[in-house]
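Heads up, the thing below is written out as structure tokens.
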Amino acid sequence: MATRSNPIQDQVAIVGVGSAPYSRDSHRSLLDLGLEAAVNAIRDSNVDRNQIDGICGAGLGLGMMVTHGAGVLSLQGALGIPSLSWTMNGWLGSHLVYAANAVYSGACDYCLIVQAEHRISAWSKAANQDPFRLRDSRFGVHSTVPNVHYSEGWIHGAESYAAFANRYMHDYGAPREAFGMFAVNNRQWASQNPAAVKRTPFTMDEYLNARMIREPLGLLDMDLPVDGAEALVITSKERAKDLRPDPVFLHAMSLGQAPVAEFYENANWGHQAPWKAFQHMWARSEVRVEDVDLWYPYDGYTPISLAMTEAAGFAPHGEGWRMVQDSWNPDEQKLALLGRTRVHTGGGSLSHGRVGGTNYYTEAVHQLRGKAGEGRQVKGAKTALFGIGSFFHDPTAMLFRVD
């Protein structure tokens, strides 16, 4: 694909990040969690709360008018922000693309992005015994999600990705260990992340022997439902200069989409939405995949991580599993793609916790600021690449960098 125009390149900056603690049962509302993350991000940004004129809240667009959860209306009211010129709700990484375009276009000057998640009854057998979470599944912000476990049949649960994994193993001769390396790697990094819910490392043998859910995907192939929240504050490059000395710039981004026929039932590996997203993103950047220091592929299920790794260009079509094996450091129990690129330094959705991928963004900001902490900090990291979303919907390709 020919190089494409990208006037937004490095013109929008992340100036604030904040989190709320992750747990399996916080006894807190989505709004409570979202507000804690939002307040922390605003404080981190040095932006006056009254200057915020854009909010991208948590949730699907159908929830724009609800006044519970961590959506726009609830956040604005609870934070006491008097006026907004741009609003939206979003999820799965794409919210940052929409918000960045709003800032760059002038629709707003300072945008707050919040993502909050609950361990709902559809994601956990234990949560399915909680009367409050059951009620939320009927009447709350998650009421559009069927009240069955994802592995038992939602539109893109374990059965879909198990089919993709089986097809990949059949077509390219890949072993289960190729998926397991992402799971082991992520837990190893999570063991160094005090914010992660699951921090006990496990071996490849333990991965292979974990309870099978849908062949070939076991318990450790699937993300970790949690209560938690993340928030970011973004503004223009010019305004960022007056706020803090270490802004993180949004270098290139794309939302990809394949034809509607490429839905979950069509296991057409290599031709679905993630490949489209990265094709368009790389055409807008002079950075190349071999320049990437940090890589955050979506890990709702481990086959997505492998697919995103191929889609991003780390390995040719069908060769990702070999590249992953060649990139494995048995002493560290971690990946270093192409000999240098670190993967999921915070533990990802598999071990840090599932918050729609927004925790990848905040983890990368800490890394690129050089503030990730002893043991976890990747020395000299200047670029971070993201592939967030599913094989069909909301596939976001994004690249951060610092000066």
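In the structure tokens, chains take letters A, B, ... by order of appearance, with residues numbered from 1 within each chain and ligands from 1 in the order shown.
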
message: Need to verify the contact set: A:Gly270, 10 Å, only C-alpha atoms, exclusion of same-chain residues closer than 4 positions in sequence. Can you return it as a list in words?
response: Pro274, Trp275, Lys276, Ala307, Met308, Glu310, Ala311, Pro316, His317, Gly318 and Phe391 of chain A

Close residues, A:Arg376 itself excluded, 10 Å, only C-alpha atoms, min 4 positions apart in chain, as a list in words: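 Within the cut-off, the hits are Trp189, Ala190, Ser191, Gln192, Asn193, Thr345, Gly346, Gln367, Lys371 and Ala372 of chain A.
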
Based on the selection just made, write C-alpha atoms of those residues as a short mmCIF file (atom, residue, chain, number, x, y, z; two decimals), in the first residue's frame.
```
data_model
loop_
_atom_site.label_atom_id
_atom_site.label_comp_id
_atom_site.auth_asym_id
_atom_site.auth_seq_id
_atom_site.Cartn_x
_atom_site.Cartn_y
_atom_site.Cartn_z
CA TRP A 189 5.54 -9.82 33.55
CA ALA A 190 2.48 -9.65 35.82
CA SER A 191 4.57 -11.14 38.63
CA GLN A 192 6.52 -7.86 38.54
CA ASN A 193 3.39 -5.67 38.38
CA THR A 345 5.04 -5.70 30.16
CA GLY A 346 2.10 -5.26 32.55
CA GLN A 367 7.11 2.52 30.23
CA LYS A 371 8.35 5.10 35.33
CA ALA A 372 7.26 1.45 35.17
#
```

Contacts of A:Lys382 at 7 Å (only C-alpha atoms; same-chain gap of 4+ positions) as an mmCIF file with N, CA and C atoms, in the first residue's frame:
```cif
data_model
loop_
_atom_site.group_PDB
_atom_site.id
_atom_site.type_symbol
_atom_site.label_atom_id
_atom_site.label_comp_id
_atom_site.auth_asym_id
_atom_site.auth_seq_id
_atom_site.Cartn_x
_atom_site.Cartn_y
_atom_site.Cartn_z
ATOM 1 N N ASP A 293 9.753 -1.111 20.336
ATOM 2 C CA ASP A 293 10.315 -1.557 21.608
ATOM 3 C C ASP A 293 9.326 -2.377 22.428
ATOM 4 N N LEU A 368 7.083 4.341 28.609
ATOM 5 C CA LEU A 368 7.711 5.359 27.768
ATOM 6 C C LEU A 368 8.147 6.578 28.579
ATOM 7 N N ARG A 401 4.896 7.041 20.545
ATOM 8 C CA ARG A 401 6.334 7.232 20.648
ATOM 9 C C ARG A 401 6.631 8.485 21.457
ATOM 10 N N VAL A 402 7.865 8.578 21.927
ATOM 11 C CA VAL A 402 8.308 9.750 22.666
ATOM 12 C C VAL A 402 9.524 10.337 21.970
#
```

query: Just asking: which residues within stretch 189-394 of chain A are alpha helix (DSSP H) according to DSSP, as a ChimeraX atom specification?
result: /A:189-190,204-209,237-240,273-282,302-311,320-326,348-351,358-369

message: Need the shell around A:Tyr22: protein/DNA/RNA residues with any atom at most 7 Å away, counting only C-alpha atoms. Skip same-chain ones fewer than 5 positions apart. Format as a PyMOL selection string?
response: chain A and resi 195+197+226-228
